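File shown: structure-v3.cif. Contents: mmCIF, C-alpha atoms.
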```cif
data_entry
#
loop_
_atom_site.label_atom_id
_atom_site.label_comp_id
_atom_site.auth_asym_id
_atom_site.auth_seq_id
_atom_site.Cartn_x
_atom_site.Cartn_y
_atom_site.Cartn_z
CA MET A 63 124.67 84.26 96.93
CA SER A 64 124.36 87.30 94.72
CA THR A 65 124.16 90.82 96.08
CA ALA A 66 120.66 91.24 94.63
CA VAL A 67 119.39 88.20 96.53
CA GLU A 68 121.01 89.39 99.76
CA ASP A 69 119.48 92.82 99.26
CA ARG A 70 116.04 91.31 98.71
CA ASP A 71 116.35 89.09 101.77
CA SER A 72 117.45 92.05 103.92
CA ARG A 73 114.49 94.09 102.70
CA ARG A 74 112.01 91.26 103.41
CA LEU A 75 113.45 90.63 106.87
CA ALA A 76 113.32 94.34 107.68
CA ARG A 77 109.63 94.49 106.71
CA CYS A 78 108.82 91.45 108.87
CA VAL A 79 110.83 92.81 111.82
CA ALA A 80 108.88 96.07 111.55
CA HIS A 81 105.62 94.11 111.84
CA VAL A 82 106.91 92.12 114.83
CA LEU A 83 108.14 95.27 116.60
CA ARG A 84 104.55 96.55 116.76
CA HIS A 85 103.74 93.85 119.30
CA ALA A 86 106.95 93.77 121.35
CA SER A 87 107.71 95.56 124.60
CA ASP A 88 110.62 98.00 124.67
CA HIS A 89 113.28 95.64 126.01
CA ILE A 90 112.27 92.95 123.49
CA ALA A 91 112.39 95.54 120.70
CA LEU A 92 115.89 96.60 121.74
CA ALA A 93 117.04 92.98 121.76
CA LEU A 94 115.71 92.51 118.22
CA LEU A 95 117.29 95.74 116.96
CA HIS A 96 120.71 94.76 118.31
CA ARG A 97 120.59 91.48 116.33
CA LEU A 98 120.06 93.08 112.93
CA ASP A 99 122.95 93.33 110.50
CA ARG A 100 123.74 96.64 108.85
CA PRO A 101 121.77 96.20 105.56
CA THR A 102 118.65 94.97 107.36
CA ARG A 103 118.89 97.80 109.87
CA LYS A 104 119.12 100.29 107.01
CA TYR A 105 115.96 98.97 105.37
CA LEU A 106 114.19 98.86 108.74
CA CYS A 107 114.90 102.56 109.30
CA ARG A 108 113.36 103.29 105.90
CA ASP A 109 110.30 101.06 106.34
CA GLU A 110 106.92 102.79 106.16
CA TRP A 111 105.43 100.61 108.92
CA LEU A 112 108.18 101.30 111.48
CA PRO A 113 106.29 101.87 114.78
CA ALA A 114 106.74 105.09 116.71
CA SER A 115 108.33 103.45 119.76
CA ALA A 116 110.86 101.66 117.54
CA VAL A 117 111.79 105.00 115.97
CA THR A 118 112.38 106.44 119.43
CA LEU A 119 114.52 103.48 120.49
CA LEU A 120 116.57 103.64 117.27
CA LEU A 121 117.24 107.35 117.74
CA ARG A 122 118.07 106.90 121.41
CA HIS A 123 120.27 103.80 121.17
CA GLY A 124 121.31 103.76 117.50
CA GLY A 125 124.07 105.51 115.63
CA GLU A 126 124.38 108.28 113.07
CA ALA A 127 123.50 105.90 110.23
CA ASP A 128 120.16 105.10 111.89
CA ARG A 129 119.42 108.79 112.34
CA HIS A 130 120.39 109.47 108.73
CA TYR A 131 117.99 106.90 107.29
CA ILE A 132 115.12 107.69 109.66
CA ALA A 133 115.43 111.40 108.88
CA ARG A 134 114.86 110.57 105.23
CA ASN A 135 111.93 108.27 105.86
CA PRO A 136 108.91 110.25 104.58
CA HIS A 137 106.55 108.19 106.73
CA VAL A 138 108.09 109.18 110.08
CA VAL A 139 105.65 111.95 110.92
CA GLY A 140 106.21 114.88 113.26
CA ARG A 141 109.71 114.06 114.48
CA PRO A 142 112.31 116.80 115.16
CA LEU A 143 114.87 115.41 112.71
CA PRO A 144 116.90 116.94 109.88
CA GLY A 145 114.61 117.56 106.97
CA LEU A 146 111.47 117.16 109.05
CA PRO A 147 109.37 119.69 111.03
CA GLY A 148 110.92 120.50 114.37
CA PRO A 149 112.31 123.33 116.54
CA ALA A 150 113.81 125.16 113.53
CA ARG A 151 110.35 125.47 112.03
CA TYR A 152 109.00 127.16 115.14
CA ALA A 153 112.08 129.37 115.55
CA ARG A 154 111.17 131.05 112.25
CA ARG A 155 107.80 132.17 113.58
CA ARG A 156 107.32 135.90 113.90
CA THR A 157 106.16 137.25 117.23
CA PRO A 158 102.77 138.97 116.82
CA ALA A 159 103.05 142.75 116.99
CA GLY A 160 100.54 143.06 119.80
CA LEU A 161 102.17 140.46 122.07
CA LEU A 162 105.25 142.38 123.25
CA PRO A 163 103.33 145.30 124.79
CA LEU A 164 101.12 142.79 126.60
CA LEU A 165 104.14 140.91 127.92
CA ARG A 166 105.77 144.16 129.06
CA ALA A 167 102.66 144.98 131.07
CA GLU A 168 102.50 141.50 132.61
CA LEU A 169 106.21 141.38 133.47
CA GLY A 170 106.53 144.98 134.61
CA ARG A 171 109.62 145.32 132.42
CA ASP A 172 110.73 145.05 128.82
CA PRO A 173 111.68 141.46 127.83
CA ALA A 174 114.58 142.95 125.86
CA ASP A 175 116.21 144.15 129.10
CA GLY A 176 117.34 140.63 129.96
CA PRO A 177 116.43 136.97 129.60
CA LEU A 178 113.34 135.77 131.38
CA THR A 179 113.88 133.84 134.59
CA THR A 180 112.23 130.48 135.14
CA GLY A 181 109.65 132.08 137.42
CA GLU A 182 108.80 134.79 134.89
CA LEU A 183 108.62 132.29 132.06
CA THR A 184 106.29 129.91 133.91
CA GLY A 185 104.07 132.85 134.87
CA LEU A 186 103.71 133.85 131.23
CA LEU A 187 103.17 130.26 130.11
CA ARG A 188 100.34 129.82 132.60
CA ARG A 189 98.53 132.77 131.05
CA HIS A 190 99.27 132.16 127.37
CA GLY A 191 99.07 128.40 126.85
CA ILE A 192 95.62 127.43 128.05
CA ARG A 193 94.63 125.10 125.22
CA ARG A 194 96.85 125.39 122.14
CA PRO A 195 100.63 125.93 121.95
CA ARG A 196 100.61 128.84 119.48
CA ALA A 197 100.79 131.69 122.02
CA ALA A 198 103.16 129.73 124.27
CA LEU A 199 105.49 129.19 121.29
CA ASP A 200 105.56 132.95 120.79
CA VAL A 201 106.52 133.41 124.44
CA LEU A 202 109.30 130.83 124.11
CA ARG A 203 110.84 132.81 121.26
CA LEU A 204 111.89 135.43 123.80
CA PRO A 205 115.31 135.07 125.49
CA TYR A 206 115.02 133.03 128.67
CA GLU A 207 117.09 131.04 131.15
CA LEU A 208 115.29 127.86 132.12
CA ASP A 209 116.16 125.76 135.17
CA PRO A 210 114.62 122.31 134.55
CA GLU A 211 114.45 121.46 138.27
CA GLN A 212 112.65 124.71 139.09
CA LEU A 213 110.31 124.19 136.13
CA ALA A 214 109.40 120.72 137.42
CA ALA A 215 108.83 122.13 140.91
CA GLU A 216 106.62 124.93 139.56
CA HIS A 217 104.60 122.39 137.59
CA ALA A 218 104.20 120.17 140.66
CA ARG A 219 103.03 123.19 142.68
CA ARG A 220 100.58 124.35 140.04
CA PRO A 221 100.38 122.45 136.74
CA LEU A 222 101.09 124.32 133.53
CA PRO A 223 98.23 124.35 131.00
CA PRO A 224 98.36 121.76 128.19
CA GLY A 225 99.27 124.28 125.48
CA SER A 226 102.34 125.50 127.38
CA THR A 227 103.45 121.96 128.22
CA GLU A 228 103.14 121.03 124.54
CA ALA A 229 105.13 124.11 123.50
CA LEU A 230 107.93 123.20 125.93
CA LEU A 231 108.06 119.70 124.48
CA LEU A 232 108.26 121.17 120.98
CA VAL A 233 111.08 123.67 121.39
CA ALA A 234 112.73 123.46 124.81
CA ASP A 235 115.71 121.16 125.31
CA LEU A 236 114.45 119.47 128.46
CA PRO A 237 116.00 116.46 130.19
CA GLY A 238 113.99 113.27 130.37
CA ARG A 239 113.24 113.67 134.07
CA THR A 240 111.63 117.07 133.45
CA VAL A 241 109.62 115.73 130.51
CA ARG A 242 108.23 112.98 132.70
CA ALA A 243 107.43 115.50 135.46
CA LEU A 244 105.44 117.65 133.02
CA LEU A 245 103.16 114.69 132.24
CA THR A 246 101.96 114.37 135.83
CA ALA A 247 99.10 116.29 137.41
CA PRO A 248 97.25 116.25 140.73
CA VAL A 249 94.32 113.88 140.77
CA ALA A 250 91.93 116.75 141.54
CA VAL A 251 92.76 118.59 138.28
CA GLU A 252 89.90 118.28 135.81
CA ASP A 253 90.62 116.87 132.36
CA GLY A 254 89.97 119.72 129.96
CA PRO A 255 89.48 119.30 126.22
CA SER A 256 93.25 119.48 125.53
CA TRP A 257 94.66 117.48 128.44
CA HIS A 258 95.85 114.68 126.14
CA ARG A 259 97.92 116.82 123.77
CA PRO A 260 101.21 116.82 125.77
CA ALA A 261 101.16 113.01 126.03
CA VAL A 262 100.55 112.59 122.31
CA ARG A 263 103.23 115.17 121.53
CA ALA A 264 105.77 113.49 123.85
CA VAL A 265 105.42 110.22 121.92
CA ARG A 266 105.43 111.87 118.52
CA MET A 267 108.49 113.97 119.35
CA GLY A 268 110.37 110.86 120.46
CA ARG A 269 110.67 111.98 124.08
CA LEU A 270 108.99 108.81 125.39
CA THR A 271 107.87 105.46 124.04
CA HIS A 272 104.32 104.25 124.62
CA GLU A 273 105.54 101.94 127.36
CA GLU A 274 107.41 104.75 129.12
CA LEU A 275 104.36 106.97 128.81
CA VAL A 276 102.21 104.35 130.54
CA ALA A 277 104.77 104.09 133.34
CA ARG A 278 105.01 107.87 133.88
CA VAL A 279 101.65 109.54 133.21
CA ALA A 280 99.72 110.35 136.36
CA PRO A 281 96.99 110.17 137.50
CA ALA A 282 96.20 106.63 136.34
CA ARG A 283 92.82 107.53 134.88
CA ARG A 284 94.56 109.56 132.18
CA THR A 285 96.57 106.54 131.06
CA LEU A 286 93.38 104.50 130.76
CA LEU A 287 91.77 107.28 128.73
CA LEU A 288 94.83 107.49 126.46
CA GLY A 289 94.40 103.79 125.75
CA HIS A 290 91.05 104.57 124.14
CA LEU A 291 91.20 108.16 122.88
CA PRO A 292 88.18 108.96 120.68
CA ALA A 293 88.98 110.21 117.17
CA TYR A 294 87.86 113.83 117.46
CA PRO A 295 89.38 116.65 115.36
CA GLY A 296 92.70 118.02 116.55
CA LEU A 297 95.92 116.44 117.75
CA ARG A 298 95.10 112.79 118.43
CA TRP A 299 96.72 109.40 118.07
CA THR A 300 97.21 108.20 114.55
CA LEU A 301 95.88 104.71 113.95
CA PRO A 302 99.27 102.96 114.51
CA GLU A 303 99.92 105.15 117.57
CA GLN A 304 96.51 104.26 118.98
CA ALA A 305 97.28 100.57 118.51
CA GLY A 306 100.69 100.99 120.15
CA MET A 307 99.19 102.83 123.11
CA ARG A 308 96.53 100.17 123.58
CA ALA A 309 99.19 97.47 123.48
CA ALA A 310 101.28 99.25 126.13
CA VAL A 311 98.26 99.81 128.40
CA THR A 312 97.17 96.19 127.95
CA ARG A 313 100.62 94.97 129.02
CA ALA A 314 100.36 97.11 132.16
CA LEU A 315 96.93 95.63 132.89
CA ALA A 316 98.08 92.02 132.32
CA PRO A 317 98.30 91.18 136.08
CA LEU A 318 94.51 91.62 136.30
CA ALA A 319 94.09 88.70 133.87
CA ASP A 320 90.38 87.98 133.36
CA ASP A 321 89.29 88.33 137.00
CA PRO A 322 86.08 90.44 136.98
CA ARG A 323 86.58 91.37 140.62
CA LEU A 324 89.99 92.93 139.95
CA TRP A 325 88.68 94.85 136.94
CA SER A 326 85.82 96.14 139.02
CA GLU A 327 88.28 97.27 141.69
CA LEU A 328 90.40 98.96 139.04
CA LEU A 329 87.44 100.97 137.79
CA ARG A 330 86.40 101.82 141.34
CA HIS A 331 89.82 103.18 142.33
CA ALA A 332 90.96 104.71 139.02
CA PRO A 333 89.13 108.09 139.34
CA GLY A 334 90.88 109.02 142.59
CA PHE A 335 94.23 107.23 142.35
CA PRO A 336 97.07 109.80 142.16
CA GLY A 337 99.88 107.58 140.85
CA PRO A 338 100.59 106.02 137.45
CA LEU A 339 98.70 103.02 136.13
CA PRO A 340 101.28 100.30 137.01
CA GLU A 341 101.13 101.38 140.67
CA LEU A 342 97.33 101.20 140.62
CA VAL A 343 97.40 97.72 139.07
CA ALA A 344 99.92 96.53 141.66
CA ALA A 345 97.81 97.93 144.49
CA VAL A 346 94.62 96.34 143.13
CA THR A 347 96.18 92.91 142.65
CA ALA A 348 97.79 93.04 146.10
CA GLY A 349 94.57 94.21 147.74
CA THR A 350 96.26 97.30 149.21
CA ALA A 351 94.40 99.96 147.22
CA GLY A 352 92.24 100.78 150.24
CA SER A 353 89.13 102.88 149.92
CA PRO A 354 88.73 105.14 146.88
CA ALA A 355 89.96 108.69 147.45
CA GLY A 356 86.67 110.18 146.32
CA SER A 357 83.05 109.13 146.25
CA ASP A 358 82.42 110.27 142.67
CA ALA A 359 81.36 107.61 140.18
CA PRO A 360 83.69 107.00 137.23
CA HIS A 361 83.13 109.29 134.27
CA ASP A 362 81.44 107.73 131.23
CA ASP A 363 84.61 108.14 129.15
CA LEU A 364 86.61 106.23 131.75
CA VAL A 365 84.01 103.45 131.92
CA ARG A 366 84.09 103.09 128.13
CA ALA A 367 87.90 103.06 128.08
CA VAL A 368 88.12 100.31 130.71
CA ARG A 369 85.48 98.25 128.93
CA ARG A 370 87.45 98.49 125.69
CA LEU A 371 90.63 97.37 127.45
CA ALA A 372 89.10 94.57 129.55
CA PRO A 373 89.15 91.00 128.18
CA THR A 374 85.79 89.87 126.87
CA ALA A 375 84.35 86.46 126.19
CA ALA A 376 84.32 85.44 122.55
CA GLU A 377 80.98 86.22 120.97
CA PRO A 378 79.16 83.23 119.45
CA ALA A 379 80.00 82.92 115.79
CA THR A 380 77.25 83.87 113.39
CA GLY A 381 76.99 83.61 109.64
CA GLY A 382 76.81 79.85 109.29
CA VAL A 383 78.08 78.47 106.01
CA GLU A 384 78.97 81.91 104.66
CA ARG A 385 81.27 82.53 107.59
CA GLU A 386 82.93 79.14 107.15
CA LEU A 387 83.52 79.92 103.48
CA ALA A 388 84.93 83.34 104.39
CA LEU A 389 87.34 81.76 106.89
CA ALA A 390 88.38 79.14 104.35
CA SER A 391 88.99 81.83 101.73
CA LEU A 392 91.66 83.42 103.94
CA ALA A 393 93.80 80.34 103.32
CA VAL A 394 93.28 80.42 99.53
CA PRO A 395 94.56 83.67 98.01
CA MET A 396 92.67 84.71 94.89
CA GLU A 397 94.19 85.35 91.48
CA THR A 398 95.06 88.98 92.19
CA VAL A 399 95.71 90.97 95.34
CA GLU A 400 92.99 93.46 94.38
CA GLU A 401 90.38 90.69 94.15
CA ASP A 402 91.51 89.29 97.50
CA VAL A 403 91.26 92.73 99.13
CA ARG A 404 87.75 93.33 97.73
CA TRP A 405 86.59 89.97 99.10
CA VAL A 406 88.03 90.51 102.59
CA ARG A 407 86.65 94.03 102.83
CA ASP A 408 83.22 92.82 101.77
CA CYS A 409 83.32 90.05 104.41
CA LEU A 410 84.35 92.60 107.05
CA ASP A 411 81.52 94.94 106.07
CA ARG A 412 78.96 92.10 106.22
CA GLY A 413 80.19 90.96 109.63
CA LEU A 414 81.36 87.55 108.41
CA LEU A 415 84.98 88.28 109.40
CA THR A 416 86.76 90.41 111.97
CA GLY A 417 90.31 91.67 112.13
CA ALA A 418 91.03 88.94 114.70
CA ASP A 419 89.84 86.29 112.23
CA VAL A 420 92.27 87.56 109.63
CA ILE A 421 95.19 87.35 112.06
CA ARG A 422 94.29 83.79 113.08
CA HIS A 423 93.43 82.29 109.69
CA LYS A 424 95.03 84.23 106.83
CA LEU A 425 98.20 82.83 105.34
CA PRO A 426 101.02 83.44 104.98
CA ALA A 427 101.51 84.96 108.41
CA CYS A 428 103.47 87.95 107.10
CA TRP A 429 100.44 88.91 104.96
CA ALA A 430 98.11 88.64 107.94
CA LEU A 431 100.30 91.09 109.91
CA ASP A 432 100.41 93.54 106.98
CA GLU A 433 97.04 95.26 106.56
CA GLU A 434 97.92 96.25 102.99
CA HIS A 435 97.50 92.61 101.95
CA TRP A 436 93.92 92.33 103.17
CA LEU A 437 92.63 95.91 103.33
CA GLY A 438 94.52 97.38 100.41
CA ALA A 439 97.06 100.17 100.15
CA VAL A 440 96.19 103.53 101.69
CA ASP A 441 97.46 106.98 100.80
CA HIS A 442 99.09 107.34 104.20
CA PRO A 443 100.11 104.66 106.74
CA ASP A 444 98.81 106.73 109.66
CA ARG A 445 95.15 106.10 108.90
CA HIS A 446 92.78 103.60 107.30
CA ASP A 447 89.14 103.48 106.27
CA ARG A 448 88.58 100.33 108.38
CA PRO A 449 90.13 101.39 111.73
CA GLY A 450 88.07 98.93 113.75
CA ALA A 451 89.39 95.96 111.78
CA VAL A 452 92.98 97.20 112.07
CA LEU A 453 92.74 97.70 115.85
CA ALA A 454 91.10 94.30 116.32
CA ALA A 455 93.82 92.62 114.25
CA ARG A 456 96.62 94.36 116.17
CA ALA A 457 95.03 93.45 119.52
CA GLU A 458 94.69 89.79 118.53
CA ALA A 459 98.30 89.69 117.32
CA ASP A 460 99.39 91.27 120.62
CA ARG A 461 97.53 88.53 122.49
CA LEU A 462 99.00 85.69 120.43
CA PHE A 463 102.57 86.99 120.66
CA ALA A 464 102.31 87.53 124.42
CA LEU A 465 100.70 84.14 125.00
CA ALA A 466 103.22 82.19 122.92
CA LEU A 467 106.50 84.09 123.35
CA GLY A 468 106.23 85.90 126.67
CA GLU A 469 109.42 87.81 127.49
CA ASP A 470 111.90 85.52 125.72
CA PRO A 471 114.01 87.60 123.27
CA ASP A 472 115.34 84.47 121.56
CA ALA A 473 111.81 83.29 120.73
CA TRP A 474 110.89 86.71 119.34
CA TRP A 475 114.01 86.67 117.18
CA ARG A 476 113.21 83.18 115.86
CA VAL A 477 109.74 84.38 114.87
CA ALA A 478 111.18 87.41 113.06
CA ARG A 479 113.71 85.24 111.21
CA THR A 480 111.13 82.60 110.26
CA LEU A 481 108.34 84.97 109.26
CA PRO A 482 109.57 85.99 105.75
CA ASP A 483 109.53 82.44 104.35
CA PHE A 484 106.81 80.82 106.47
CA ALA A 485 103.78 79.71 104.44
CA GLY A 486 101.36 78.97 107.29
CA THR A 487 99.24 81.09 109.61
CA LEU A 488 100.54 83.11 112.54
CA PRO A 489 99.31 80.60 115.19
CA HIS A 490 101.11 77.81 113.31
CA LEU A 491 104.28 79.90 113.17
CA LEU A 492 104.17 80.55 116.90
CA LEU A 493 103.51 76.85 117.50
CA ARG A 494 106.54 75.88 115.43
CA VAL A 495 108.81 78.38 117.20
CA THR A 496 107.70 77.51 120.72
CA ASP A 497 107.14 73.77 120.02
CA GLY A 498 104.17 73.69 122.34
CA ASP A 499 100.40 73.55 122.09
CA SER A 500 98.65 75.52 119.39
CA VAL A 501 97.61 79.03 120.43
CA SER A 502 94.90 79.15 117.80
CA THR A 503 91.41 79.62 119.26
CA ARG A 504 89.11 79.40 116.28
CA PRO A 505 85.54 80.17 117.38
#
```
For this file, write the structure as structure tokens.
Amino acid sequence: MSTAVEDRDSRRLARCVAHVLRHASDHIALALLHRLDRPTRKYLCRDEWLPASAVTLLLRHGGEADRHYIARNPHVVGRPLPGLPGPARYARRRTPAGLLPLLRAELGRDPADGPLTTGELTGLLRRHGIRRPRAALDVLRLPYELDPEQLAAEHARRPLPPGSTEALLLVADLPGRTVRALLTAPVAVEDGPSWHRPAVRAVRMGRLTHEELVARVAPARRTLLLGHLPAYPGLRWTLPEQAGMRAAVTRALAPLADDPRLWSELLRHAPGFPGPLPELVAAVTAGTAGSPAGSDAPHDDLVRAVRRLAPTAAEPATGGVERELALASLAVPMETVEEDVRWVRDCLDRGLLTGADVIRHKLPACWALDEEHWLGAVDHPDRHDRPGAVLAARAEADRLFALALGEDPDAWWRVARTLPDFAGTLPHLLLRVTDGDSVSTRP
């Protein structure tokens, strides 16, 4: 086999592995990454659709070659890597002229007389990082000696504001245990307009994967809200990050299945439960959650988030013959990709198709998993002009992969290996790999 053919095959496999990694839990993703040969791993690190959690796992468990290629991937946004924005960028910031006199008055001494202690630093961060990290970043440019254990204890005693927590994640070299401690808060603390920023920043900085974030963020209501974070201006999930967070939260909620009673209990206990979401789910399924800590009704945002995450019955299909033709067209690619994209987008806009329909019926399967083949190329992989269709497609793919493959790394690897050359739909691929009943549920 020629080198050119091997190179092409490695590139195609890397692209398909990147699509599969979107839907895999962390330990499955690690198992897949360890099975890749060196050329495929190189192309994977350079792939534009590499999910954020996979980037974190590659940096944490990979070698220098992985770091080298990821650092030069222009689509890996916001990571503290060579050549990308990170601590060095913030170290070049100039301290505002009026800040030092204010800090001298608050400290009762000149910061130049000696490094700030952990107590002094946390006191300043509580006053200067209420919403955004800008002022807290200026404070962190001063010399300081930070004890991570004391910082975690101070945060547990009285939580730092979101802006200061975000600034610490940006520039301070904190151990993982301290990072996880900074993402917890007492259940009585109100969720201000910037409460979500440290969680988003922790994922984007590579401190935690989505799955680790779900396991560590407390109280549980915040995790549920992060699973459906509205797209307001400011630091928010990108579209792939939002899909990854929803997938991680959905995996944590899997023990509830489709039991309405358990979902009702989840919503009833979520506002006052102090621990992380997996502990709440375990307590609800075991019937040990007890009485809710407070009598307040769930906030509207929490109700909407739980409704978005809860399984719903399939809506009756509408559209008649036009819908049947639209579904059939997914199996017959048109003459050009552009014509195919225009047709699918038009069907989505008219309500004849959904993102879930595309995942179930479009072939080949690798095109169904790649939104570029049915929604067209975008100027940036972090957003799309049809976010609802993308999220619906990712959620349906998550469901099919979990239903067919479960937690079997060998089955996931067989799917990744088969995907580049498979001509059928994704349900047919999963059926072939698992050799069981079809997981297709065409409405």
**For stretch 339-343 of chain A: contacts at 7 Å, only C-alpha atoms, fewer than 6 positions along chain excluded, given as a PyMOL selection string** = chain A and resi 276-277+282+285+314-315
**Message:** When the PyMOL selection byres ((chain A and resi 261) around 9) is applied to the structure above, which residues does it catch, written out as a ChimeraX atom specification?
**Reply:** /A:228,245,257-260,262-266,270,275,279,288
**Message:** Could you list, as a PyMOL selection string, every residue matched by the PyMOL selection byres ((chain A and resi 426) around 8) in this structure?
**Reply:** chain A and resi 424-425+427-430+484-488
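Distance check against A:Thr240 using all atoms listed in the file: of A:Arg278, A:Arg369, A:Glu168, A:Leu204, the minimum falls on A:Arg278.
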**Prompt:** Counting all atoms listed in the file, what is within 9 Å of A:Leu230, bar same-chain residues fewer than 5 positions away, as a VMD selection string?
**Reply:** chain A and resid 195 198 to 199 202 225 235 to 236 241
**Asked** Of the candidates A:Leu287, A:Leu106, A:Leu187, A:Leu162, which shows the shortest atom-to-atom distance to A:Leu83, using all atoms listed in the file?
**Response** A:Leu106
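Of note, atom CA of A:Pro248 and atom CA of A:Pro292 are spaced 23.2 Å apart.
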Near-A:Pro317 list (10 Å; all atoms listed in the file; drop same-chain fewer than 5 positions) as a JSON list (two decimals) with C-alpha atoms, in the frame of the given file:
```json
[["chain", "number", "residue", "atom", "x", "y", "z"],
["A", 312, "THR", "CA", 97.17, 96.19, 127.95],
["A", 324, "LEU", "CA", 89.99, 92.93, 139.95],
["A", 340, "PRO", "CA", 101.28, 100.30, 137.01],
["A", 343, "VAL", "CA", 97.40, 97.72, 139.07],
["A", 344, "ALA", "CA", 99.92, 96.53, 141.66],
["A", 346, "VAL", "CA", 94.62, 96.34, 143.13],
["A", 347, "THR", "CA", 96.18, 92.91, 142.65]]
```
**Request:** Apply the PyMOL selection byres ((chain A and resi 93-100) around 8) to the displayed file and report the matching residues as a list in words.
**Result:** His89, Ile90, Ala91, Leu92, Pro101, Thr102, Arg103, Lys104, Leu120, Pro471, Trp474 and Trp475 of chain A
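Each of A:Val365, A:Leu492, A:Val79, A:Ala305 was compared to A:Pro449 using all atoms listed in the file, and A:Ala305 turns out to be the nearest.
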